[in-house]
$ cat start-v2.cif   # mmCIF, C-alpha atoms
data_final
loop_
_atom_site.label_atom_id
_atom_site.label_comp_id
_atom_site.auth_asym_id
_atom_site.auth_seq_id
_atom_site.Cartn_x
_atom_site.Cartn_y
_atom_site.Cartn_z
CA MET E 1 71.36 75.25 -47.34
CA ARG E 2 69.35 72.03 -47.55
CA PHE E 3 66.55 71.36 -50.03
CA ASP E 4 63.61 68.98 -49.81
CA VAL E 5 62.47 66.59 -52.52
CA THR E 6 60.38 69.32 -54.18
CA GLY E 7 63.41 71.58 -54.67
CA LYS E 8 62.34 74.05 -51.99
CA VAL E 9 64.74 75.04 -49.23
CA SER E 10 64.11 72.99 -46.10
CA LEU E 11 62.63 75.14 -43.34
CA ASP E 12 61.47 72.28 -41.15
CA HIS E 13 63.32 73.65 -38.12
CA ILE E 14 61.15 76.77 -37.87
CA TYR E 15 57.93 74.82 -37.41
CA ASP E 16 58.91 72.87 -34.29
CA GLN E 17 60.17 75.58 -31.95
CA PRO E 18 58.61 76.46 -28.59
CA ASP E 19 57.49 79.87 -29.92
CA PRO E 20 57.14 81.66 -33.30
CA ARG E 21 60.34 83.73 -33.20
CA ALA E 22 62.41 81.45 -35.43
CA TYR E 23 59.49 81.21 -37.87
CA PHE E 24 59.16 84.96 -38.35
CA THR E 25 62.91 85.62 -38.22
CA ALA E 26 63.53 83.12 -41.05
CA LEU E 27 60.59 84.20 -43.23
CA ARG E 28 60.88 87.96 -42.86
CA PRO E 29 63.84 88.35 -45.28
CA LEU E 30 61.89 86.26 -47.82
CA ASP E 31 58.86 88.60 -47.64
CA TYR E 32 56.55 85.71 -46.82
CA GLY E 33 53.05 87.15 -46.88
CA VAL E 34 50.45 84.80 -48.32
CA PRO E 35 48.36 84.68 -45.10
CA GLN E 36 47.84 88.44 -45.40
CA GLN E 37 46.70 88.06 -49.01
CA ALA E 38 44.45 85.16 -48.04
CA LYS E 39 42.80 87.05 -45.17
CA PRO E 40 40.12 88.96 -47.16
CA TYR E 41 39.24 85.84 -49.16
CA PHE E 42 38.85 83.70 -46.06
CA SER E 43 36.89 86.44 -44.32
CA LYS E 44 34.47 86.74 -47.22
CA ILE E 45 33.98 82.98 -47.47
CA ILE E 46 33.33 82.72 -43.72
CA THR E 47 30.75 85.49 -43.97
CA GLU E 48 29.09 83.86 -46.96
CA TYR E 49 28.97 80.50 -45.19
CA ARG E 50 27.48 82.04 -42.05
CA GLU E 51 24.76 83.83 -43.99
CA SER E 52 23.90 81.01 -46.41
CA ARG E 53 23.99 78.18 -43.87
CA HIS E 54 22.67 80.21 -40.91
CA VAL E 55 25.59 79.23 -38.68
CA ALA E 56 26.28 81.89 -36.07
CA VAL E 57 29.80 80.70 -35.16
CA PRO E 58 31.41 78.74 -38.01
CA LYS E 59 34.04 76.19 -37.10
CA VAL E 60 37.16 76.72 -39.22
CA LEU E 61 39.79 74.00 -39.57
CA ASP E 62 43.23 75.34 -40.56
CA ILE E 63 45.36 72.54 -41.99
CA GLY E 64 49.08 73.09 -41.49
CA CYS E 65 48.28 75.91 -39.09
CA SER E 66 51.75 76.07 -37.44
CA TYR E 67 51.63 78.83 -34.78
CA GLY E 68 48.05 79.87 -35.56
CA ILE E 69 48.93 82.66 -38.01
CA ASN E 70 45.67 82.54 -39.98
CA ALA E 71 43.69 82.45 -36.75
CA ALA E 72 45.49 85.52 -35.40
CA LEU E 73 44.81 87.42 -38.61
CA LEU E 74 41.16 86.45 -38.87
CA LYS E 75 40.04 86.31 -35.24
CA TYR E 76 41.94 89.33 -33.94
CA ASP E 77 42.47 91.34 -37.12
CA ALA E 78 46.26 91.14 -36.79
CA THR E 79 48.48 91.75 -39.82
CA MET E 80 51.62 90.01 -40.97
CA ASP E 81 53.60 93.22 -40.45
CA GLU E 82 52.34 93.34 -36.86
CA LEU E 83 53.34 89.72 -36.27
CA TYR E 84 56.78 90.24 -37.81
CA ALA E 85 57.31 93.13 -35.41
CA ARG E 86 55.84 91.12 -32.55
CA TYR E 87 58.16 88.13 -32.93
CA GLY E 88 60.94 89.14 -35.28
CA ASP E 89 62.34 92.34 -33.78
CA GLU E 90 65.70 92.06 -32.04
CA GLU E 91 64.38 93.34 -28.72
CA ARG E 92 62.14 90.27 -28.54
CA ALA E 93 65.04 87.86 -28.86
CA GLY E 94 65.75 87.83 -25.14
CA GLU E 95 62.16 87.52 -23.97
CA SER E 96 60.99 84.32 -22.36
CA ARG E 97 58.30 82.16 -23.91
CA GLU E 98 56.08 83.05 -20.97
CA ALA E 99 56.48 86.77 -21.68
CA LEU E 100 55.55 86.27 -25.34
CA LEU E 101 52.52 84.23 -24.35
CA ALA E 102 51.41 86.87 -21.89
CA ARG E 103 51.48 89.54 -24.60
CA ASP E 104 49.61 87.29 -27.00
CA ARG E 105 46.95 86.45 -24.45
CA GLU E 106 46.47 90.17 -23.88
CA LEU E 107 46.03 90.65 -27.62
CA ALA E 108 43.40 87.90 -27.68
CA ARG E 109 41.58 89.45 -24.70
CA SER E 110 41.71 93.01 -25.93
CA ARG E 111 40.51 92.57 -29.51
CA GLN E 112 36.96 91.68 -30.33
CA PRO E 113 36.85 89.37 -33.36
CA PRO E 114 35.34 91.18 -36.38
CA GLN E 115 33.10 88.15 -36.80
CA ALA E 116 32.51 85.20 -34.51
CA MET E 117 34.31 82.00 -35.46
CA ARG E 118 35.89 78.99 -33.81
CA PHE E 119 39.37 78.02 -35.02
CA VAL E 120 40.78 74.49 -34.87
CA GLY E 121 44.37 73.85 -35.94
CA LEU E 122 45.65 70.63 -37.50
CA ASP E 123 49.42 70.16 -37.68
CA THR E 124 52.17 67.61 -37.16
CA SER E 125 54.13 70.02 -34.93
CA GLY E 126 53.09 69.66 -31.32
CA SER E 127 55.24 72.62 -30.28
CA ALA E 128 53.61 75.03 -32.72
CA LEU E 129 50.13 73.81 -31.80
CA SER E 130 50.83 74.18 -28.09
CA TYR E 131 51.95 77.77 -28.51
CA ALA E 132 48.95 78.74 -30.67
CA PHE E 133 46.54 77.15 -28.20
CA GLU E 134 48.17 78.65 -25.10
CA ALA E 135 48.25 82.08 -26.76
CA GLY E 136 44.50 81.91 -27.38
CA PHE E 137 44.74 81.97 -31.17
CA LEU E 138 43.35 78.46 -31.60
CA ASP E 139 40.29 77.14 -29.77
CA ASP E 140 41.30 73.50 -30.23
CA VAL E 141 44.25 71.62 -31.73
CA VAL E 142 44.61 68.30 -33.50
CA HIS E 143 48.16 66.97 -33.36
CA ALA E 144 48.11 64.38 -36.12
CA ASP E 145 49.71 63.22 -39.36
CA LEU E 146 46.69 62.31 -41.48
CA GLU E 147 48.93 61.55 -44.44
CA GLU E 148 50.12 58.46 -42.62
CA HIS E 149 47.38 57.62 -40.15
CA GLU E 150 43.63 57.56 -39.79
CA PRO E 151 42.38 59.94 -37.09
CA THR E 152 41.88 58.43 -33.67
CA PRO E 153 38.37 58.46 -32.21
CA ARG E 154 39.26 61.58 -30.21
CA GLN E 155 40.75 63.31 -33.26
CA ARG E 156 37.72 62.37 -35.33
CA ALA E 157 35.49 63.99 -32.70
CA GLN E 158 37.64 67.13 -32.78
CA LEU E 159 37.43 67.31 -36.57
CA SER E 160 33.70 66.65 -36.77
CA GLY E 161 31.38 69.59 -37.16
CA THR E 162 33.84 71.54 -39.31
CA ASP E 163 32.19 74.20 -41.46
CA LEU E 164 35.19 75.44 -43.45
CA VAL E 165 38.61 73.94 -44.21
CA ILE E 166 41.42 76.33 -45.12
CA SER E 167 45.15 76.21 -45.81
CA THR E 168 47.90 78.58 -46.96
CA GLY E 169 50.72 76.56 -48.39
CA CYS E 170 50.63 73.05 -46.96
CA VAL E 171 48.85 71.37 -49.90
CA GLY E 172 51.54 69.69 -51.91
CA TYR E 173 53.07 68.24 -48.78
CA VAL E 174 49.58 67.49 -47.53
CA THR E 175 47.68 65.53 -50.17
CA GLU E 176 44.22 64.19 -50.89
CA ARG E 177 44.79 61.57 -48.17
CA THR E 178 44.56 64.16 -45.41
CA LEU E 179 41.63 66.01 -46.97
CA THR E 180 39.71 62.80 -47.55
CA ARG E 181 40.17 61.78 -43.92
CA VAL E 182 39.02 65.22 -42.75
CA VAL E 183 35.88 64.99 -44.90
CA ARG E 184 35.08 61.45 -43.78
CA ALA E 185 35.31 62.57 -40.16
CA GLN E 186 32.27 64.77 -40.84
CA GLY E 187 29.88 61.92 -41.60
CA VAL E 188 27.34 63.15 -44.15
CA ARG E 189 28.24 66.84 -43.72
CA ARG E 190 30.43 68.53 -46.32
CA PRO E 191 32.45 71.58 -45.21
CA TRP E 192 33.47 74.24 -47.69
CA MET E 193 37.16 74.47 -48.56
CA ALA E 194 39.61 77.19 -49.61
CA HIS E 195 43.22 76.24 -50.27
CA PHE E 196 46.08 78.49 -51.36
CA VAL E 197 48.37 76.11 -53.26
CA LEU E 198 51.78 76.82 -54.77
CA ARG E 199 51.68 76.61 -58.57
CA MET E 200 54.56 74.13 -58.45
CA PHE E 201 52.19 71.54 -56.93
CA PRO E 202 49.44 69.94 -59.06
CA PHE E 203 45.99 70.20 -57.53
CA ASP E 204 44.38 67.69 -59.90
CA PRO E 205 44.70 64.66 -57.57
CA VAL E 206 43.07 66.61 -54.75
CA GLU E 207 40.32 67.87 -57.03
CA ARG E 208 39.56 64.33 -58.26
CA ALA E 209 39.43 62.96 -54.73
CA LEU E 210 37.13 65.75 -53.59
CA ALA E 211 34.89 65.23 -56.63
CA GLY E 212 34.45 61.64 -55.50
CA LEU E 213 33.25 62.98 -52.16
CA GLY E 214 30.66 65.28 -53.72
CA TYR E 215 32.65 68.47 -54.34
CA ARG E 216 33.01 70.84 -57.24
CA THR E 217 36.30 72.81 -57.33
CA VAL E 218 37.02 76.11 -59.07
CA ARG E 219 40.21 78.12 -59.23
CA VAL E 220 40.46 81.87 -58.75
CA ASP E 221 42.26 83.43 -61.73
CA GLU E 222 44.48 85.71 -59.63
CA VAL E 223 47.92 84.55 -58.49
CA PHE E 224 49.37 85.36 -55.07
CA ARG E 225 52.98 85.93 -54.10
CA GLN E 226 53.93 83.49 -51.38
CA ARG E 227 57.58 84.44 -50.77
CA ARG E 228 60.86 85.19 -52.48
CA PHE E 229 63.14 82.32 -53.38
CA ALA E 230 65.69 81.74 -50.64
CA SER E 231 68.56 81.39 -53.14
CA PRO E 232 69.28 81.11 -56.88
CA GLN E 233 69.74 77.39 -56.33
CA GLU E 234 66.25 77.02 -54.86
CA GLN E 235 64.80 78.93 -57.79
CA ALA E 236 66.66 76.75 -60.31
CA LEU E 237 65.48 73.55 -58.63
CA VAL E 238 61.86 74.70 -58.47
CA LEU E 239 61.89 75.90 -62.08
CA ASP E 240 63.30 72.55 -63.20
CA GLY E 241 60.47 70.79 -61.40
CA MET E 242 57.86 73.09 -62.89
CA ALA E 243 59.25 72.57 -66.39
CA ALA E 244 59.05 68.80 -65.90
CA ALA E 245 55.42 69.21 -64.82
CA GLY E 246 54.59 71.44 -67.79
CA VAL E 247 53.96 74.59 -65.72
CA ASP E 248 55.09 77.83 -67.37
CA PRO E 249 56.98 80.08 -64.89
CA ARG E 250 57.48 83.03 -67.24
CA GLY E 251 56.56 86.34 -65.63
CA LEU E 252 56.02 84.65 -62.27
CA GLU E 253 58.42 82.20 -60.62
CA ALA E 254 61.05 83.07 -63.24
CA GLU E 255 61.08 86.59 -61.75
CA GLY E 256 62.12 85.42 -58.29
CA TRP E 257 58.96 84.65 -56.32
CA LEU E 258 56.97 81.55 -55.45
CA TYR E 259 53.31 82.00 -56.42
CA ALA E 260 50.14 80.36 -55.15
CA GLN E 261 46.64 79.99 -56.54
CA LEU E 262 43.36 79.75 -54.63
CA HIS E 263 41.20 76.66 -55.11
CA LEU E 264 37.63 76.74 -53.80
CA SER E 265 35.81 73.46 -53.21
CA ARG E 266 32.14 73.28 -52.27
CA PRO E 267 29.52 70.53 -52.23
CA TYR E 268 27.51 70.13 -55.40
CA ASP E 269 24.38 71.38 -53.63
CA ILE E 270 25.89 74.88 -53.36
CA THR E 271 24.96 77.14 -56.26
CA GLY E 272 27.20 79.73 -57.86
CA THR E 273 30.42 77.71 -57.95
CA ASP E 274 30.79 77.81 -61.74
CA ASP E 275 32.48 81.24 -61.68
CA PRO E 276 36.05 81.01 -60.29
CA ASN E 277 36.18 84.77 -59.80
CA ARG E 278 33.01 84.90 -57.73
CA GLU E 279 34.87 85.25 -54.40
CA GLN E 280 36.71 88.33 -55.62
CA SER E 281 33.64 90.48 -56.25
#
$ encode --input "start-v2.cif" --output "structure tokens"
Amino acid sequence: MRFDVTGKVSLDHIYDQPDPRAYFTALRPLDYGVPQQAKPYFSKIITEYRESRHVAVPKVLDIGCSYGINAALLKYDATMDELYARYGDEERAGESREALLARDRELARSRQPPQAMRFVGLDTSGSALSYAFEAGFLDDVVHADLEEHEPTPRQRAQLSGTDLVISTGCVGYVTERTLTRVVRAQGVRRPWMAHFVLRMFPFDPVERALAGLGYRTVRVDEVFRQRRFASPQEQALVLDGMAAAGVDPRGLEAEGWLYAQLHLSRPYDITGTDDPNREQS
């Protein structure tokens, strides 16, 4: 079992496969479920944005979107349990990629989105993006590493016009560099943001960078289980890192789970952002 520099087990191989089967097979035993917990929060924020900004079809940018999981949950009202069964059951192991895509396209055709939205995925994995786009989960894809590079003119055009920026676990590996480049691609517009961030990763640098771009950030008090630790060694490494960063894991990570918190960032011209529990009402 290999570990990355943060102490987490390395799961890089599951993000660059031709279809999502390895992803769901690896994460199912770990009870990975933060996209399901994020779903009602994202849905509420999208609704609030639509109503307050009078945008009929908001454009949502999912950073670190992998195989379009958040898009499938939000656009087609799928659940994580449904997706685990869809890709992780043994009878699916022998199916071709084309057969999986055909079933996913049928899902996209047969389910009317509960609310209209356009989903754009940003990821460094071309394979995951290709699958999500071909399946109909994502409406557009941006294959880029904005940690290392400025967006190209075409990528900047794809990013422009974004209404909401979301993520469920990539912040920490993705930093303020990526978010700053996404915001600057909008010109004078300022999209709303909602990021589920593991407690092991400090959000302060991101918050400071966004403040410099005209944002106010609040944190929802609730914590969200992301997944179980993959091994006692992973837990020990993560707890050591949290201790060094001054983050108390008692009652949370010390009990065997990675936990995330939700950070909401909105432009200063939006009222009501002083209450971090506002999105839960």
$ residues_around --input "start-v2.cif" --residues "Gln233 (chain E)" --least-positions-apart "6" --cutoff "10 Å" --atoms "all atoms listed in the file" --output "MDAnalysis selection string"
chainID E and resid 1 3 7:9 239
$ atom_distance --input "start-v2.cif" --atom1 "CA of Asp204 (chain E)" --atom2 "CA of Thr168 (chain E)"
17.3 Å
$ atom_distance --input "start-v2.cif" --atom1 "CA of Gly136 (chain E)" --atom2 "CA of Asp81 (chain E)"
19.5 Å
$ residues_around --input "start-v2.cif" --residues "Val206 (chain E)" --least-positions-apart "5" --cutoff "9 Å" --atoms "all atoms listed in the file" --output "PyMOL selection string"
chain E and resi 171+175-177+179-180+211
$ axis_aligned_box --input "start-v2.cif" --around "region 173-181 of chain E" --padding-each-side "5 Å" --output "lines of an AutoDock Vina configuration file"
center_x = 46.4
center_y = 64.9
center_z = -47.4
size_x = 23.4
size_y = 16.7
size_z = 17.0
$ resolve_selection --input "start-v2.cif" --expression "the PyMOL selection byres ((chain E and resi 19-30) around 8)" --output "PyMOL selection string"
chain E and resi 14-15+17-18+31-32+67+83-84+87-88+93+97+127-128+131+227-230
$ atom_distance --input "start-v2.cif" --atom1 "CA of His263 (chain E)" --atom2 "CA of Phe133 (chain E)"
27.4 Å
$ residues_near_point --input "start-v2.cif" --point "(60.5, 72.4, -61.1)" --cutoff "12 Å" --atoms "all atoms listed in the file" --output "list in words"
Val5, Thr6, Gly7, Lys8, Leu198, Arg199, Met200, Phe201, Pro202, Gln233, Glu234, Gln235, Ala236, Leu237, Val238, Leu239, Asp240, Gly241, Met242, Ala243, Ala244, Ala245, Gly246, Val247, Asp248, Pro249, Glu253, Ala254 and Leu258 of chain E
$ residues_around --input "start-v2.cif" --residues "Phe224 (chain E)" --least-positions-apart "4" --cutoff "8 Å" --atoms "all atoms listed in the file" --output "number ranges by chain"
E: 34, 37, 259-261
$ residues_around --input "start-v2.cif" --residues "Ala78 (chain E)" --least-positions-apart "3" --cutoff "12 Å" --atoms "all atoms listed in the file" --output "list in words"
Pro35, Gln36, Lys39, Gly68, Ile69, Asn70, Ala71, Ala72, Leu73, Leu74, Lys75, Asp81, Glu82, Leu83, Tyr84, Ala85, Arg86, Asp104, Leu107, Ala108, Ser110, Arg111, Gln112, Pro113, Pro114 and Phe137 of chain E
$ write_last_selection --input "start-v2.cif" --atoms "C-alpha atoms" --output "short mmCIF file (atom, residue, chain, number, x, y, z; two decimals), keeping the file's coordinate frame"
data_model
loop_
_atom_site.label_atom_id
_atom_site.label_comp_id
_atom_site.auth_asym_id
_atom_site.auth_seq_id
_atom_site.Cartn_x
_atom_site.Cartn_y
_atom_site.Cartn_z
CA PRO E 35 48.36 84.68 -45.10
CA GLN E 36 47.84 88.44 -45.40
CA LYS E 39 42.80 87.05 -45.17
CA GLY E 68 48.05 79.87 -35.56
CA ILE E 69 48.93 82.66 -38.01
CA ASN E 70 45.67 82.54 -39.98
CA ALA E 71 43.69 82.45 -36.75
CA ALA E 72 45.49 85.52 -35.40
CA LEU E 73 44.81 87.42 -38.61
CA LEU E 74 41.16 86.45 -38.87
CA LYS E 75 40.04 86.31 -35.24
CA ASP E 81 53.60 93.22 -40.45
CA GLU E 82 52.34 93.34 -36.86
CA LEU E 83 53.34 89.72 -36.27
CA TYR E 84 56.78 90.24 -37.81
CA ALA E 85 57.31 93.13 -35.41
CA ARG E 86 55.84 91.12 -32.55
CA ASP E 104 49.61 87.29 -27.00
CA LEU E 107 46.03 90.65 -27.62
CA ALA E 108 43.40 87.90 -27.68
CA SER E 110 41.71 93.01 -25.93
CA ARG E 111 40.51 92.57 -29.51
CA GLN E 112 36.96 91.68 -30.33
CA PRO E 113 36.85 89.37 -33.36
CA PRO E 114 35.34 91.18 -36.38
CA PHE E 137 44.74 81.97 -31.17
#
$ resolve_selection --input "start-v2.cif" --expression "the PyMOL selection byres ((chain E and resi 118) around 9)" --output "list in words"
Val57, Pro58, Lys59, Val60, Leu61, Lys75, Ala116, Met117, Phe119, Val120, Leu138, Asp139 and Asp140 of chain E
$ decode --input "start-v2.cif" --residues "region 218-229 of chain E" --atoms "all heavy atoms" --output "PDB file, in the first residue's frame"
ATOM      1  N   VAL E 218     -17.451  31.514   4.465  1.00  0.00           N
ATOM      2  CA  VAL E 218     -17.942  31.026   5.751  1.00  0.00           C
ATOM      3  C   VAL E 218     -17.883  29.510   5.729  1.00  0.00           C
ATOM      4  O   VAL E 218     -17.875  28.886   4.666  1.00  0.00           O
ATOM      5  CB  VAL E 218     -19.377  31.511   6.054  1.00  0.00           C
ATOM      6  CG1 VAL E 218     -19.427  33.010   6.221  1.00  0.00           C
ATOM      7  CG2 VAL E 218     -20.340  31.057   4.968  1.00  0.00           C
ATOM      8  N   ARG E 219     -17.847  28.928   6.910  1.00  0.00           N
ATOM      9  CA  ARG E 219     -17.756  27.484   7.036  1.00  0.00           C
ATOM     10  C   ARG E 219     -18.986  26.941   7.745  1.00  0.00           C
ATOM     11  O   ARG E 219     -19.372  27.442   8.812  1.00  0.00           O
ATOM     12  CB  ARG E 219     -16.495  27.100   7.825  1.00  0.00           C
ATOM     13  CG  ARG E 219     -16.204  25.611   7.844  1.00  0.00           C
ATOM     14  CD  ARG E 219     -15.007  25.325   8.725  1.00  0.00           C
ATOM     15  NE  ARG E 219     -15.329  25.561  10.134  1.00  0.00           N
ATOM     16  CZ  ARG E 219     -14.430  25.712  11.096  1.00  0.00           C
ATOM     17  NH1 ARG E 219     -13.140  25.702  10.801  1.00  0.00           N
ATOM     18  NH2 ARG E 219     -14.814  25.909  12.344  1.00  0.00           N
ATOM     19  N   VAL E 220     -19.598  25.935   7.160  1.00  0.00           N
ATOM     20  CA  VAL E 220     -20.729  25.268   7.789  1.00  0.00           C
ATOM     21  C   VAL E 220     -20.212  24.479   8.993  1.00  0.00           C
ATOM     22  O   VAL E 220     -19.171  23.823   8.929  1.00  0.00           O
ATOM     23  CB  VAL E 220     -21.426  24.341   6.777  1.00  0.00           C
ATOM     24  CG1 VAL E 220     -22.466  23.455   7.449  1.00  0.00           C
ATOM     25  CG2 VAL E 220     -22.075  25.171   5.672  1.00  0.00           C
ATOM     26  N   ASP E 221     -20.931  24.563  10.112  1.00  0.00           N
ATOM     27  CA  ASP E 221     -20.470  23.931  11.347  1.00  0.00           C
ATOM     28  C   ASP E 221     -20.428  22.411  11.255  1.00  0.00           C
ATOM     29  O   ASP E 221     -19.587  21.764  11.865  1.00  0.00           O
ATOM     30  CB  ASP E 221     -21.374  24.334  12.521  1.00  0.00           C
ATOM     31  CG  ASP E 221     -21.164  25.786  12.936  1.00  0.00           C
ATOM     32  OD1 ASP E 221     -20.081  26.325  12.646  1.00  0.00           O
ATOM     33  OD2 ASP E 221     -22.078  26.363  13.552  1.00  0.00           O
ATOM     34  N   GLU E 222     -21.347  21.813  10.518  1.00  0.00           N
ATOM     35  CA  GLU E 222     -21.438  20.357  10.449  1.00  0.00           C
ATOM     36  C   GLU E 222     -20.187  19.756   9.809  1.00  0.00           C
ATOM     37  O   GLU E 222     -19.536  20.377   8.958  1.00  0.00           O
ATOM     38  CB  GLU E 222     -22.673  19.963   9.627  1.00  0.00           C
ATOM     39  CG  GLU E 222     -22.951  18.474   9.597  1.00  0.00           C
ATOM     40  CD  GLU E 222     -24.207  18.147   8.819  1.00  0.00           C
ATOM     41  OE1 GLU E 222     -24.927  19.087   8.431  1.00  0.00           O
ATOM     42  OE2 GLU E 222     -24.464  16.948   8.606  1.00  0.00           O
ATOM     43  N   VAL E 223     -19.838  18.543  10.226  1.00  0.00           N
ATOM     44  CA  VAL E 223     -18.762  17.799   9.572  1.00  0.00           C
ATOM     45  C   VAL E 223     -19.374  16.630   8.813  1.00  0.00           C
ATOM     46  O   VAL E 223     -20.463  16.145   9.146  1.00  0.00           O
ATOM     47  CB  VAL E 223     -17.702  17.302  10.580  1.00  0.00           C
ATOM     48  CG1 VAL E 223     -16.969  18.480  11.196  1.00  0.00           C
ATOM     49  CG2 VAL E 223     -18.332  16.423  11.654  1.00  0.00           C
ATOM     50  N   PHE E 224     -18.665  16.168   7.774  1.00  0.00           N
ATOM     51  CA  PHE E 224     -19.200  15.173   6.852  1.00  0.00           C
ATOM     52  C   PHE E 224     -18.196  14.037   6.690  1.00  0.00           C
ATOM     53  O   PHE E 224     -17.025  14.272   6.368  1.00  0.00           O
ATOM     54  CB  PHE E 224     -19.479  15.814   5.483  1.00  0.00           C
ATOM     55  CG  PHE E 224     -20.387  17.011   5.555  1.00  0.00           C
ATOM     56  CD1 PHE E 224     -19.867  18.276   5.806  1.00  0.00           C
ATOM     57  CD2 PHE E 224     -21.756  16.863   5.402  1.00  0.00           C
ATOM     58  CE1 PHE E 224     -20.701  19.385   5.881  1.00  0.00           C
ATOM     59  CE2 PHE E 224     -22.595  17.968   5.471  1.00  0.00           C
ATOM     60  CZ  PHE E 224     -22.073  19.224   5.713  1.00  0.00           C
ATOM     61  N   ARG E 225     -18.669  12.809   6.899  1.00  0.00           N
ATOM     62  CA  ARG E 225     -17.798  11.660   6.693  1.00  0.00           C
ATOM     63  C   ARG E 225     -17.462  11.514   5.212  1.00  0.00           C
ATOM     64  O   ARG E 225     -18.352  11.435   4.378  1.00  0.00           O
ATOM     65  CB  ARG E 225     -18.491  10.381   7.172  1.00  0.00           C
ATOM     66  CG  ARG E 225     -18.494  10.187   8.678  1.00  0.00           C
ATOM     67  CD  ARG E 225     -19.156   8.867   9.031  1.00  0.00           C
ATOM     68  NE  ARG E 225     -18.986   8.557  10.444  1.00  0.00           N
ATOM     69  CZ  ARG E 225     -19.436   7.449  11.022  1.00  0.00           C
ATOM     70  NH1 ARG E 225     -20.091   6.553  10.290  1.00  0.00           N
ATOM     71  NH2 ARG E 225     -19.238   7.241  12.313  1.00  0.00           N
ATOM     72  N   GLN E 226     -16.156  11.472   4.932  1.00  0.00           N
ATOM     73  CA  GLN E 226     -15.759  11.275   3.545  1.00  0.00           C
ATOM     74  C   GLN E 226     -15.606   9.784   3.229  1.00  0.00           C
ATOM     75  O   GLN E 226     -16.228   9.268   2.323  1.00  0.00           O
ATOM     76  CB  GLN E 226     -14.456  12.016   3.238  1.00  0.00           C
ATOM     77  CG  GLN E 226     -14.201  12.160   1.738  1.00  0.00           C
ATOM     78  CD  GLN E 226     -12.786  11.788   1.336  1.00  0.00           C
ATOM     79  OE1 GLN E 226     -12.168  10.910   1.924  1.00  0.00           O
ATOM     80  NE2 GLN E 226     -12.271  12.489   0.338  1.00  0.00           N
ATOM     81  N   ARG E 227     -14.761   9.104   3.992  1.00  0.00           N
ATOM     82  CA  ARG E 227     -14.583   7.658   3.847  1.00  0.00           C
ATOM     83  C   ARG E 227     -13.847   7.125   5.061  1.00  0.00           C
ATOM     84  O   ARG E 227     -13.301   7.880   5.867  1.00  0.00           O
ATOM     85  CB  ARG E 227     -13.801   7.314   2.571  1.00  0.00           C
ATOM     86  CG  ARG E 227     -12.344   7.784   2.568  1.00  0.00           C
ATOM     87  CD  ARG E 227     -11.560   7.088   1.470  1.00  0.00           C
ATOM     88  NE  ARG E 227     -10.231   7.630   1.272  1.00  0.00           N
ATOM     89  CZ  ARG E 227      -9.148   7.289   1.976  1.00  0.00           C
ATOM     90  NH1 ARG E 227      -9.263   6.440   3.013  1.00  0.00           N
ATOM     91  NH2 ARG E 227      -7.965   7.817   1.700  1.00  0.00           N
ATOM     92  N   ARG E 228     -13.848   5.788   5.170  1.00  0.00           N
ATOM     93  CA  ARG E 228     -13.056   5.139   6.210  1.00  0.00           C
ATOM     94  C   ARG E 228     -11.577   5.203   5.833  1.00  0.00           C
ATOM     95  O   ARG E 228     -11.225   5.302   4.644  1.00  0.00           O
ATOM     96  CB  ARG E 228     -13.455   3.665   6.364  1.00  0.00           C
ATOM     97  CG  ARG E 228     -14.881   3.434   6.818  1.00  0.00           C
ATOM     98  CD  ARG E 228     -15.135   1.937   6.965  1.00  0.00           C
ATOM     99  NE  ARG E 228     -16.536   1.678   7.239  1.00  0.00           N
ATOM    100  CZ  ARG E 228     -17.069   1.712   8.457  1.00  0.00           C
ATOM    101  NH1 ARG E 228     -16.297   1.987   9.501  1.00  0.00           N
ATOM    102  NH2 ARG E 228     -18.362   1.460   8.632  1.00  0.00           N
ATOM    103  N   PHE E 229     -10.711   5.135   6.823  1.00  0.00           N
ATOM    104  CA  PHE E 229      -9.295   4.987   6.528  1.00  0.00           C
ATOM    105  C   PHE E 229      -9.064   3.632   5.875  1.00  0.00           C
ATOM    106  O   PHE E 229      -9.705   2.627   6.224  1.00  0.00           O
ATOM    107  CB  PHE E 229      -8.454   5.106   7.799  1.00  0.00           C
ATOM    108  CG  PHE E 229      -8.312   6.520   8.290  1.00  0.00           C
ATOM    109  CD1 PHE E 229      -8.992   6.950   9.419  1.00  0.00           C
ATOM    110  CD2 PHE E 229      -7.509   7.423   7.615  1.00  0.00           C
ATOM    111  CE1 PHE E 229      -8.872   8.250   9.873  1.00  0.00           C
ATOM    112  CE2 PHE E 229      -7.372   8.728   8.056  1.00  0.00           C
ATOM    113  CZ  PHE E 229      -8.057   9.153   9.182  1.00  0.00           C
TER     114      PHE E 229
END
